[in-house]
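Student: One file: model-v6.cif (mmCIF, C-alpha atoms).
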```
data_upload
loop_
_atom_site.label_atom_id
_atom_site.label_comp_id
_atom_site.auth_asym_id
_atom_site.auth_seq_id
_atom_site.Cartn_x
_atom_site.Cartn_y
_atom_site.Cartn_z
CA MET A 1 -52.83 -45.24 -121.92
CA PRO A 2 -52.69 -47.00 -125.30
CA PRO A 3 -54.39 -50.38 -125.45
CA SER A 4 -52.16 -53.43 -125.04
CA SER A 5 -51.33 -55.32 -128.20
CA ALA A 6 -53.11 -58.62 -128.80
CA SER A 7 -50.69 -61.51 -129.19
CA PRO A 8 -50.44 -62.92 -132.70
CA VAL A 9 -52.22 -66.23 -133.17
CA LEU A 10 -51.71 -68.77 -135.96
CA GLN A 11 -54.15 -71.66 -136.38
CA CYS A 12 -53.66 -74.56 -138.79
CA LEU A 13 -56.94 -76.12 -139.88
CA PRO A 14 -56.78 -79.16 -142.18
CA ARG A 15 -59.72 -79.48 -144.56
CA PRO A 16 -61.41 -82.67 -145.82
CA ASP A 17 -60.36 -81.92 -149.38
CA GLY A 18 -56.67 -82.21 -148.38
CA SER A 19 -56.01 -78.49 -148.23
CA LEU A 20 -54.63 -76.57 -145.28
CA GLU A 21 -56.06 -73.31 -143.96
CA LEU A 22 -53.88 -70.92 -141.96
CA MET A 23 -55.84 -68.41 -139.94
CA LEU A 24 -53.99 -65.32 -138.70
CA SER A 25 -55.33 -63.12 -135.90
CA GLY A 26 -54.01 -60.61 -133.38
CA ASP A 27 -51.31 -58.00 -133.87
CA TRP A 28 -48.30 -58.92 -136.04
CA LYS A 29 -45.82 -56.16 -135.44
CA ARG A 30 -42.55 -55.32 -133.78
CA GLY A 31 -42.28 -55.98 -130.07
CA VAL A 32 -44.32 -59.21 -130.01
CA ASP A 33 -43.17 -62.80 -130.32
CA LEU A 34 -44.32 -64.37 -133.57
CA PRO A 35 -45.53 -67.97 -133.50
CA SER A 36 -43.65 -70.65 -135.39
CA TRP A 37 -44.80 -71.16 -138.97
CA PRO A 38 -45.72 -74.61 -140.23
CA THR A 39 -43.68 -76.10 -143.05
CA PRO A 40 -44.46 -78.93 -145.46
CA GLU A 41 -42.10 -81.15 -143.48
CA THR A 42 -43.77 -80.44 -140.10
CA GLU A 43 -47.21 -81.31 -141.53
CA GLY A 44 -46.17 -84.89 -142.22
CA ARG A 45 -47.46 -84.77 -145.77
CA SER A 46 -47.72 -81.83 -148.13
CA PRO A 47 -51.26 -80.48 -148.49
CA THR A 48 -52.75 -80.08 -151.92
CA ARG A 49 -53.47 -76.42 -151.31
CA LEU A 50 -52.63 -73.74 -148.76
CA ARG A 51 -55.18 -71.06 -148.02
CA LEU A 52 -54.22 -67.96 -146.00
CA VAL A 53 -57.01 -66.26 -144.02
CA ALA A 54 -56.67 -63.12 -141.90
CA GLU A 55 -60.21 -62.02 -141.09
CA GLU A 56 -59.41 -61.16 -137.46
CA LEU A 57 -55.98 -59.67 -138.13
CA GLY A 58 -55.15 -56.59 -136.03
CA GLU A 59 -52.19 -54.26 -136.49
CA TRP A 60 -49.25 -55.42 -138.57
CA ASP A 61 -45.99 -54.11 -139.97
CA SER A 62 -43.30 -55.34 -142.38
CA ARG A 63 -42.62 -58.45 -140.29
CA LEU A 64 -45.86 -60.05 -141.51
CA PRO A 65 -45.25 -59.77 -145.29
CA ILE A 66 -41.65 -60.91 -144.88
CA ALA A 67 -42.70 -64.01 -142.91
CA LEU A 68 -45.53 -64.75 -145.36
CA LEU A 69 -43.16 -64.42 -148.33
CA ARG A 70 -40.81 -67.04 -146.87
CA LEU A 71 -43.75 -69.33 -146.11
CA ILE A 72 -45.14 -69.02 -149.63
CA GLU A 73 -41.73 -69.78 -151.17
CA GLN A 74 -41.38 -72.94 -149.05
CA TYR A 75 -44.80 -74.30 -149.99
CA ARG A 76 -44.50 -73.43 -153.67
CA GLN A 77 -41.11 -75.19 -153.81
CA ALA A 78 -42.90 -78.24 -152.39
CA GLY A 79 -45.46 -78.04 -155.21
CA VAL A 80 -48.31 -76.68 -153.08
CA GLU A 81 -50.68 -74.05 -154.48
CA VAL A 82 -51.01 -71.02 -152.21
CA ASP A 83 -54.20 -68.93 -152.09
CA CYS A 84 -53.69 -65.41 -150.69
CA ALA A 85 -57.22 -64.11 -151.32
CA GLY A 86 -58.03 -64.10 -147.61
CA LEU A 87 -55.25 -61.66 -146.73
CA PRO A 88 -55.74 -57.88 -146.38
CA GLU A 89 -55.30 -55.87 -149.54
CA GLY A 90 -52.17 -54.12 -148.22
CA VAL A 91 -50.45 -57.43 -147.45
CA ARG A 92 -51.39 -58.85 -150.85
CA GLY A 93 -50.02 -55.72 -152.54
CA LEU A 94 -46.66 -56.01 -150.80
CA LEU A 95 -46.43 -59.72 -151.61
CA HIS A 96 -47.23 -59.05 -155.26
CA LEU A 97 -44.62 -56.28 -155.39
CA ALA A 98 -41.97 -58.54 -153.85
CA GLN A 99 -42.73 -61.33 -156.34
CA ALA A 100 -43.13 -59.10 -159.40
CA VAL A 101 -39.53 -59.51 -160.58
CA PRO A 102 -38.16 -63.05 -160.18
CA GLU A 103 -34.69 -63.43 -158.75
CA ARG A 104 -32.05 -63.89 -161.41
CA ALA A 105 -30.42 -67.27 -161.48
CA GLY A 106 -26.99 -67.16 -159.89
CA ALA A 107 -27.59 -63.75 -158.30
CA ARG A 108 -26.69 -65.08 -154.86
CA ARG A 109 -23.18 -66.12 -155.61
CA LYS A 110 -20.83 -66.91 -152.82
CA GLU A 111 -17.91 -64.56 -152.39
CA ARG A 112 -14.97 -66.02 -154.18
CA ARG A 113 -11.88 -66.46 -152.07
CA VAL A 114 -8.99 -64.81 -153.86
CA PRO A 115 -5.91 -67.07 -153.94
CA ILE A 116 -2.73 -65.72 -152.39
CA VAL A 117 -0.96 -65.94 -155.75
CA GLU A 118 -3.58 -63.68 -157.34
CA GLN A 119 -3.30 -61.19 -154.49
CA VAL A 120 0.48 -61.05 -154.85
CA GLY A 121 0.11 -60.64 -158.61
CA LYS A 122 -2.25 -57.70 -158.21
CA VAL A 123 0.15 -56.01 -155.80
CA VAL A 124 3.06 -56.53 -158.20
CA LEU A 125 1.11 -55.21 -161.18
CA HIS A 126 -0.04 -52.19 -159.18
CA GLY A 127 3.57 -51.51 -158.18
CA LEU A 128 4.76 -51.78 -161.78
CA ASP A 129 2.02 -49.40 -162.89
CA ASP A 130 3.07 -46.88 -160.24
CA ALA A 131 6.71 -47.23 -161.27
CA LEU A 132 5.86 -46.58 -164.93
CA ASN A 133 3.80 -43.53 -163.99
CA LEU A 134 6.68 -42.23 -161.89
CA VAL A 135 9.15 -42.66 -164.75
CA ARG A 136 6.76 -40.95 -167.15
CA PHE A 137 6.23 -38.03 -164.78
CA ILE A 138 9.98 -37.66 -164.17
CA GLY A 139 10.50 -37.55 -167.93
CA GLU A 140 7.86 -34.85 -168.38
CA THR A 141 9.34 -32.83 -165.52
CA THR A 142 12.84 -33.14 -167.01
CA LEU A 143 11.57 -31.80 -170.32
CA ALA A 144 9.90 -28.92 -168.51
CA LEU A 145 13.16 -28.09 -166.68
CA LEU A 146 15.00 -28.21 -170.00
CA ALA A 147 12.46 -25.78 -171.46
CA LEU A 148 13.01 -23.55 -168.43
CA ALA A 149 16.77 -23.61 -168.99
CA LEU A 150 16.21 -22.59 -172.61
CA GLY A 151 13.81 -19.82 -171.58
CA GLN A 152 10.82 -21.48 -173.24
CA ALA A 153 8.85 -22.66 -170.21
CA ARG A 154 5.46 -20.98 -169.75
CA PHE A 155 4.20 -20.22 -166.26
CA ARG A 156 3.17 -17.13 -164.34
CA SER A 157 5.63 -15.44 -162.01
CA ALA A 158 2.73 -14.72 -159.65
CA ASP A 159 2.21 -18.48 -159.22
CA LEU A 160 5.90 -18.87 -158.34
CA ALA A 161 5.65 -16.08 -155.76
CA ILE A 162 2.56 -17.64 -154.18
CA ALA A 163 4.25 -21.05 -154.06
CA ILE A 164 7.36 -19.54 -152.44
CA GLN A 165 5.20 -17.83 -149.82
CA ALA A 166 3.36 -21.09 -149.05
CA ALA A 167 6.51 -23.24 -148.96
CA GLY A 168 8.75 -20.77 -147.12
CA PRO A 169 7.54 -18.06 -144.71
CA SER A 170 4.25 -19.85 -144.00
CA ALA A 171 6.15 -22.92 -142.79
CA LEU A 172 8.44 -21.08 -140.35
CA GLY A 173 6.15 -21.58 -137.36
CA ILE A 174 5.93 -25.37 -137.50
CA VAL A 175 9.60 -25.73 -138.48
CA THR A 176 10.60 -23.56 -135.50
CA LEU A 177 8.59 -25.62 -133.03
CA ILE A 178 9.62 -29.06 -134.27
CA SER A 179 13.30 -28.21 -134.76
CA LEU A 180 13.56 -26.68 -131.30
CA LEU A 181 11.97 -29.76 -129.74
CA VAL A 182 14.19 -32.12 -131.75
CA GLY A 183 17.27 -30.24 -130.52
CA LEU A 184 16.00 -30.48 -126.94
CA ILE A 185 15.41 -34.22 -127.27
CA LEU A 186 18.80 -34.88 -128.87
CA ALA A 187 20.59 -32.97 -126.14
CA PHE A 188 18.67 -34.54 -123.28
CA VAL A 189 18.88 -38.15 -124.53
CA GLY A 190 22.56 -37.81 -125.47
CA ALA A 191 23.49 -36.08 -122.23
CA ALA A 192 21.78 -38.76 -120.17
CA GLN A 193 24.28 -41.27 -121.55
CA LEU A 194 27.32 -38.98 -121.76
CA SER A 195 26.91 -37.95 -118.13
CA LEU A 196 27.64 -41.54 -117.11
CA PHE A 197 31.21 -40.98 -118.31
CA GLY A 198 31.50 -37.34 -117.27
CA ALA A 199 31.52 -36.26 -120.93
CA GLN A 200 28.72 -33.68 -120.91
CA ILE A 201 30.95 -31.34 -122.89
CA PHE A 202 30.30 -33.47 -125.98
CA ILE A 203 26.57 -32.63 -125.94
CA ALA A 204 27.40 -29.80 -128.34
CA ASP A 205 29.11 -32.22 -130.74
CA LEU A 206 26.14 -34.57 -130.69
CA VAL A 207 23.52 -31.89 -131.22
CA GLY A 208 25.53 -30.01 -133.85
CA LEU A 209 26.34 -33.02 -136.02
CA GLY A 210 22.94 -34.63 -135.49
CA MET A 211 21.03 -31.53 -136.53
CA VAL A 212 23.25 -30.41 -139.42
CA ARG A 213 23.77 -33.80 -141.07
CA GLU A 214 20.56 -35.70 -140.31
CA MET A 215 17.74 -34.35 -138.17
CA GLY A 216 17.62 -30.83 -139.61
CA PRO A 217 17.06 -31.79 -143.27
CA LEU A 218 15.12 -34.95 -142.41
CA MET A 219 12.58 -33.38 -140.04
CA THR A 220 12.15 -30.37 -142.31
CA ALA A 221 11.49 -32.68 -145.25
CA ILE A 222 8.94 -34.75 -143.34
CA LEU A 223 7.14 -31.59 -142.22
CA MET A 224 7.08 -30.25 -145.76
CA ALA A 225 5.86 -33.60 -147.10
CA GLY A 226 2.88 -33.56 -144.76
CA ARG A 227 2.23 -29.86 -145.24
CA THR A 228 3.27 -28.77 -148.73
CA GLY A 229 3.27 -32.12 -150.55
CA ALA A 230 -0.30 -32.83 -149.50
CA ALA A 231 -1.31 -29.30 -150.49
CA TYR A 232 0.19 -29.76 -153.97
CA ALA A 233 -1.69 -33.02 -154.44
CA ALA A 234 -4.98 -31.50 -153.24
CA GLN A 235 -4.62 -28.39 -155.41
CA LEU A 236 -3.78 -30.23 -158.60
CA GLY A 237 -6.32 -32.95 -157.81
CA THR A 238 -9.08 -30.36 -157.47
CA MET A 239 -8.00 -28.81 -160.78
CA ASN A 240 -8.22 -32.24 -162.35
CA VAL A 241 -11.72 -32.78 -160.93
CA ASN A 242 -12.82 -29.40 -162.32
CA SER A 243 -11.25 -30.22 -165.75
CA GLU A 244 -8.89 -27.25 -165.48
CA ILE A 245 -5.90 -29.39 -166.46
CA ASP A 246 -7.81 -30.62 -169.52
CA ALA A 247 -8.53 -27.00 -170.39
CA LEU A 248 -4.80 -26.18 -170.29
CA LYS A 249 -4.03 -29.10 -172.60
CA THR A 250 -6.79 -27.98 -174.96
CA MET A 251 -5.20 -24.53 -175.18
CA GLY A 252 -1.84 -26.11 -175.99
CA ILE A 253 -0.25 -25.23 -172.63
CA SER A 254 1.87 -27.83 -170.91
CA ALA A 255 0.29 -28.63 -167.54
CA VAL A 256 3.67 -29.70 -166.18
CA GLU A 257 5.27 -26.37 -167.10
CA PHE A 258 2.34 -24.24 -165.95
CA LEU A 259 1.46 -26.05 -162.73
CA VAL A 260 4.36 -28.26 -161.64
CA LEU A 261 7.37 -26.04 -162.36
CA PRO A 262 6.39 -23.14 -160.02
CA ARG A 263 5.81 -25.56 -157.15
CA LEU A 264 9.01 -27.48 -157.83
CA LEU A 265 11.11 -24.31 -158.04
CA ALA A 266 9.54 -22.92 -154.86
CA LEU A 267 10.48 -26.02 -152.89
CA LEU A 268 13.99 -26.11 -154.35
CA LEU A 269 14.50 -22.48 -153.30
CA MET A 270 12.94 -22.71 -149.84
CA MET A 271 14.04 -26.12 -148.57
CA PRO A 272 17.77 -25.23 -148.15
CA LEU A 273 16.83 -22.04 -146.28
CA LEU A 274 14.39 -23.91 -144.05
CA CYS A 275 17.04 -26.57 -143.45
CA VAL A 276 19.59 -23.97 -142.27
CA TYR A 277 16.94 -22.37 -140.07
CA ALA A 278 16.01 -25.78 -138.61
CA ASP A 279 19.70 -26.46 -137.87
CA PHE A 280 19.96 -23.17 -136.00
CA MET A 281 16.79 -23.80 -133.97
CA GLY A 282 17.85 -27.35 -133.14
CA ILE A 283 21.26 -26.17 -131.92
CA LEU A 284 19.51 -23.47 -129.90
CA GLY A 285 17.30 -26.12 -128.29
CA GLY A 286 20.36 -28.19 -127.44
CA ALA A 287 22.03 -25.13 -125.92
CA VAL A 288 19.00 -24.56 -123.69
CA ILE A 289 19.30 -28.09 -122.29
CA GLY A 290 23.09 -27.84 -122.00
CA GLN A 291 22.94 -24.63 -119.99
CA GLY A 292 19.79 -25.26 -118.00
CA VAL A 293 20.35 -28.89 -117.01
CA PHE A 294 24.03 -29.75 -117.37
CA ASP A 295 25.71 -26.40 -116.50
CA LEU A 296 27.42 -25.76 -119.85
CA ASN A 297 27.93 -22.10 -120.60
CA SER A 298 27.27 -20.58 -124.01
CA PHE A 299 30.95 -20.34 -124.93
CA GLN A 300 31.57 -24.03 -124.23
CA PHE A 301 28.54 -25.11 -126.23
CA LEU A 302 29.29 -22.89 -129.25
CA HIS A 303 32.95 -23.92 -129.17
CA GLY A 304 31.91 -27.58 -129.20
CA VAL A 305 29.60 -27.02 -132.16
CA ASP A 306 32.31 -25.13 -134.03
CA ARG A 307 34.79 -27.92 -133.33
CA ALA A 308 32.47 -30.74 -134.46
CA VAL A 309 30.71 -29.17 -137.46
CA ASP A 310 32.46 -28.01 -140.62
CA LEU A 311 31.40 -26.88 -144.08
CA TYR A 312 31.29 -30.45 -145.37
CA ASP A 313 28.59 -31.25 -142.82
CA PHE A 314 26.58 -28.18 -143.80
CA GLY A 315 27.05 -29.10 -147.46
CA ILE A 316 25.71 -32.62 -146.89
CA GLY A 317 22.65 -31.22 -145.11
CA ILE A 318 21.98 -28.70 -147.88
CA PHE A 319 22.40 -31.39 -150.54
CA LYS A 320 19.93 -33.65 -148.71
CA SER A 321 17.42 -30.81 -148.48
CA LEU A 322 17.62 -30.25 -152.24
CA VAL A 323 17.08 -33.95 -152.93
CA PHE A 324 14.19 -34.07 -150.48
CA ALA A 325 12.60 -30.99 -152.07
CA LEU A 326 12.73 -32.65 -155.47
CA LEU A 327 11.15 -35.83 -154.09
CA ILE A 328 8.38 -34.01 -152.20
CA ALA A 329 7.42 -31.92 -155.23
CA THR A 330 7.50 -35.01 -157.46
CA ALA A 331 5.28 -37.08 -155.16
CA GLY A 332 2.77 -34.29 -154.50
CA CYS A 333 2.44 -33.06 -158.09
CA MET A 334 2.39 -36.56 -159.60
CA ARG A 335 -0.43 -37.75 -157.34
CA GLY A 336 -2.34 -34.55 -157.99
CA MET A 337 -2.01 -34.88 -161.77
CA GLN A 338 -3.12 -38.54 -161.59
CA CYS A 339 -6.10 -37.79 -159.34
CA GLY A 340 -9.51 -39.19 -160.23
CA ARG A 341 -12.68 -37.23 -160.91
CA SER A 342 -14.36 -37.35 -157.50
CA ALA A 343 -14.05 -35.59 -154.16
CA SER A 344 -12.84 -38.76 -152.44
CA ALA A 345 -10.13 -39.13 -155.08
CA VAL A 346 -8.67 -35.77 -154.00
CA GLY A 347 -8.32 -37.04 -150.44
CA ASP A 348 -6.78 -40.28 -151.66
CA ALA A 349 -4.31 -38.31 -153.78
CA ALA A 350 -3.24 -36.18 -150.82
CA THR A 351 -2.80 -39.25 -148.63
CA SER A 352 -0.79 -41.08 -151.30
CA ALA A 353 1.39 -38.00 -151.83
CA VAL A 354 2.36 -37.84 -148.16
CA VAL A 355 3.04 -41.57 -147.91
CA ASP A 356 5.08 -41.63 -151.12
CA ALA A 357 7.07 -38.55 -150.15
CA ILE A 358 7.99 -39.93 -146.73
CA VAL A 359 9.03 -43.26 -148.23
CA TYR A 360 11.14 -41.50 -150.88
CA ILE A 361 12.73 -39.28 -148.21
CA VAL A 362 13.69 -42.14 -145.91
CA VAL A 363 15.09 -44.24 -148.75
CA ALA A 364 17.03 -41.30 -150.21
CA ASP A 365 18.39 -40.34 -146.78
CA SER A 366 19.58 -43.89 -146.19
CA ILE A 367 21.32 -44.04 -149.58
CA ILE A 368 23.02 -40.65 -149.14
CA THR A 369 24.15 -41.53 -145.62
CA LEU A 370 25.62 -44.84 -146.76
CA LEU A 371 27.41 -43.19 -149.67
CA CYS A 372 28.87 -40.51 -147.40
CA ASN A 373 30.02 -43.19 -144.98
CA ARG A 374 31.69 -45.20 -147.74
CA LEU A 375 33.34 -42.10 -149.17
CA GLY A 376 34.47 -40.96 -145.73
CA ILE A 377 32.72 -37.61 -145.95
#
```
Can you give me the file's structure in the form of structure tokens?

Tutor:
Amino acid sequence: MPPSSASPVLQCLPRPDGSLELMLSGDWKRGVDLPSWPTPETEGRSPTRLRLVAEELGEWDSRLPIALLRLIEQYRQAGVEVDCAGLPEGVRGLLHLAQAVPERAGARRKERRVPIVEQVGKVVLHGLDDALNLVRFIGETTLALLALALGQARFRSADLAIAIQAAGPSALGIVTLISLLVGLILAFVGAAQLSLFGAQIFIADLVGLGMVREMGPLMTAILMAGRTGAAYAAQLGTMNVNSEIDALKTMGISAVEFLVLPRLLALLLMMPLLCVYADFMGILGGAVIGQGVFDLNSFQFLHGVDRAVDLYDFGIGIFKSLVFALLIATAGCMRGMQCGRSASAVGDAATSAVVDAIVYIVVADSIITLLCNRLGI
């Protein structure tokens, strides 16, 4: 068994010449209780000199130099000379190293409390900066679309095909699952209330209109914002970190045309198709609930959907999907192009792209819905 540690001992011995001698013995390390250190105030009157002696010192660790450093600072501030010659060489070396560079005046500044007005001002300025960047990016994208209309835009058709694959067929699985579940939820929640009045037949109307006008394009857009928008931001952000975007600019190639246009066109082409597919899957989910729970046959359900939904409703859903596609591509590509030069900045860009896209989608959906309501569409 290892020997037990000797308790640390501190003896204060006043000398006839007015000095004070501190004798340290025992083990000064972790796991033992250190004795209280004397201070100039506890001694009644400050000694003329403090001498530190550690002839019988046992084992010690960093706790001893730290405590000695505080003690030395207290006595020197009181104008007392401190003699460390009696300490072990290792302790004296650590003390000398700690005191080699004096602390800069004012280094320990208290954390300034930021006034609420300053906080609000920073938020406002940050918002204005984001708004200006958004306007600038929209302008660059508009010029790129104009160049595309004139046949002067430069990008690779292979990039467009890859973007279409990523934004379309690769998203069918998640769109199928979520749309089917949304249709199930709409049918079940609506039927629970309609059954109170014996109006289960109108489940088809509720699910058809809800999916075609609102939930189909909205849920598809939110899924694509979290899936494709974040991917756009991460891809372009990584290119920015690797200076690939700078290389394109150096070669005289517009980064917006070469990188943004294929992704924007892919979303504009795929979002309406995904929206129609989501509408179909949502209606199918509602039909499952209608037949399995509320005894509606397929003919009744399809007749109700046909009666409630017309081409205007499909047109509104398709229009919303196009607007949402434009917003998702704008948010994802803009954040990717503005990404910083570090790995963490890529993650921040992807997060900002998803948040921005969802906010844009909800605001745009609210505006379109209000306009349709006012116009009676």

Student: Separation of CA of Glu257 (chain A) and CA of Leu125 (chain A), in Å?

Tutor: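 So the two atoms, CA of Glu257 (chain A) and CA of Leu125 (chain A), lie 29.7 Å apart.
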
Student: Have a look at CA of Arg136 (chain A) and CA of Ile328 (chain A) and let me know their distance in Å, one decimal.

Tutor: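 Separation between CA of Arg136 (chain A) and CA of Ile328 (chain A): 16.6 Å.
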
Student: Please provide as an MDAnalysis selection string all residues within 12 Å of Met219 (chain A), with the sequence filter that same-chain residues fewer than 2 positions apart are discarded (counting all atoms listed in the file).

Tutor: chainID A and resid 174:183 210:217 221:226 271 274:279 282 317 320:321 324 358 361:362 365

Student: Quick one: everything within 8 Å of region 151-160 of chain A, counting all atoms listed in the file, minus sequence neighbours fewer than 4 positions away in the same chain. Send it as a list in words.

Tutor: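 The neighbour list is Ala144, Leu145, Ala147, Ile164, Ile253, Ser254, Glu257, Phe258, Leu259, Leu261, Pro262, Arg263, Leu265 and Ala266 of chain A.
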
Student: So the first atom is CA of Gln11 (chain A) and the second is CA of Ala98 (chain A); what is the distance between them in Å, to one decimal place?

Tutor: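 These two atoms are separated by 25.0 Å.
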
Student: Please evaluate the PyMOL selection byres ((chain A and resi 53) around 10) against the structure above and give the resulting residues as a list of chain:residue names.

Tutor: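 Selected by the PyMOL selection byres ((chain A and resi 53) around 10) here: A:Leu10, A:Gln11, A:Glu21, A:Leu22, A:Met23, A:Leu24, A:Ser25, A:Leu50, A:Arg51, A:Leu52, A:Ala54, A:Glu55, A:Glu56, A:Leu57, A:Asp83, A:Cys84, A:Ala85, A:Gly86, A:Leu87, A:Pro88.
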
Student: Calculated over only C-alpha atoms, which of the candidates A:Leu218, A:Ala287, A:Ala325, A:Val359 has the smallest distance to Ile201 (chain A)?

Tutor: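 Smallest distance to Ile201 (chain A) is found for A:Ala287.
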
Student: Which one of A:Leu236, A:Val354, A:Gly376, A:Val309 sits closest to Cys339 (chain A) if you count only C-alpha atoms?

Tutor: A:Leu236

Student: Just checking: using all atoms listed in the file, which residue out of A:Ala67, A:Val32, A:Cys333, A:Pro47 ends up closest to Pro16 (chain A)?

Tutor: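 Of A:Ala67, A:Val32, A:Cys333, A:Pro47, the one nearest Pro16 (chain A) is A:Pro47, counting all atoms listed in the file.
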
Student: Mind telling me what the PyMOL selection byres ((chain A and resi 306) around 12) catches here, as number ranges by chain?

Tutor: A: 202, 204-209, 212, 283, 299-305, 307-311, 313-314

Student: So which one's closest to Met281 (chain A), A:Leu184, A:Val82, A:Met337, A:Leu94? Using all atoms listed in the file, please.

Tutor: A:Leu184

Student: May I ask you to restore N, CA and C atoms in region 297-309 of chain A and write the result as a PDB file, keeping the file's coordinate frame?

Tutor:
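The resulting file, rebuild_31.pdb, is shown below:
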```pdb
ATOM      1  N   ASN A 297      28.170 -23.480-120.226  1.00  0.00           N
ATOM      2  CA  ASN A 297      27.930 -22.100-120.600  1.00  0.00           C
ATOM      3  C   ASN A 297      27.875 -21.955-122.118  1.00  0.00           C
ATOM      4  N   SER A 298      27.462 -20.805-122.579  1.00  0.00           N
ATOM      5  CA  SER A 298      27.270 -20.580-124.010  1.00  0.00           C
ATOM      6  C   SER A 298      28.571 -20.730-124.788  1.00  0.00           C
ATOM      7  N   PHE A 299      29.666 -20.258-124.223  1.00  0.00           N
ATOM      8  CA  PHE A 299      30.950 -20.340-124.930  1.00  0.00           C
ATOM      9  C   PHE A 299      31.355 -21.793-125.130  1.00  0.00           C
ATOM     10  N   GLN A 300      31.212 -22.607-124.106  1.00  0.00           N
ATOM     11  CA  GLN A 300      31.570 -24.030-124.230  1.00  0.00           C
ATOM     12  C   GLN A 300      30.723 -24.727-125.286  1.00  0.00           C
ATOM     13  N   PHE A 301      29.429 -24.438-125.276  1.00  0.00           N
ATOM     14  CA  PHE A 301      28.540 -25.110-126.230  1.00  0.00           C
ATOM     15  C   PHE A 301      28.863 -24.677-127.656  1.00  0.00           C
ATOM     16  N   LEU A 302      28.996 -23.374-127.894  1.00  0.00           N
ATOM     17  CA  LEU A 302      29.290 -22.890-129.250  1.00  0.00           C
ATOM     18  C   LEU A 302      30.664 -23.366-129.718  1.00  0.00           C
ATOM     19  N   HIS A 303      31.625 -23.419-128.797  1.00  0.00           N
ATOM     20  CA  HIS A 303      32.950 -23.920-129.170  1.00  0.00           C
ATOM     21  C   HIS A 303      32.881 -25.390-129.573  1.00  0.00           C
ATOM     22  N   GLY A 304      32.059 -26.167-128.847  1.00  0.00           N
ATOM     23  CA  GLY A 304      31.910 -27.580-129.200  1.00  0.00           C
ATOM     24  C   GLY A 304      31.248 -27.761-130.555  1.00  0.00           C
ATOM     25  N   VAL A 305      30.245 -26.938-130.843  1.00  0.00           N
ATOM     26  CA  VAL A 305      29.600 -27.020-132.160  1.00  0.00           C
ATOM     27  C   VAL A 305      30.565 -26.628-133.258  1.00  0.00           C
ATOM     28  N   ASP A 306      31.332 -25.577-133.028  1.00  0.00           N
ATOM     29  CA  ASP A 306      32.310 -25.130-134.030  1.00  0.00           C
ATOM     30  C   ASP A 306      33.386 -26.177-134.263  1.00  0.00           C
ATOM     31  N   ARG A 307      33.764 -26.888-133.201  1.00  0.00           N
ATOM     32  CA  ARG A 307      34.790 -27.920-133.330  1.00  0.00           C
ATOM     33  C   ARG A 307      34.264 -29.153-134.084  1.00  0.00           C
ATOM     34  N   ALA A 308      33.002 -29.494-133.892  1.00  0.00           N
ATOM     35  CA  ALA A 308      32.470 -30.740-134.460  1.00  0.00           C
ATOM     36  C   ALA A 308      31.920 -30.564-135.868  1.00  0.00           C
ATOM     37  N   VAL A 309      31.406 -29.376-136.179  1.00  0.00           N
ATOM     38  CA  VAL A 309      30.710 -29.170-137.460  1.00  0.00           C
ATOM     39  C   VAL A 309      31.581 -28.328-138.375  1.00  0.00           C
TER      40      VAL A 309
END
```
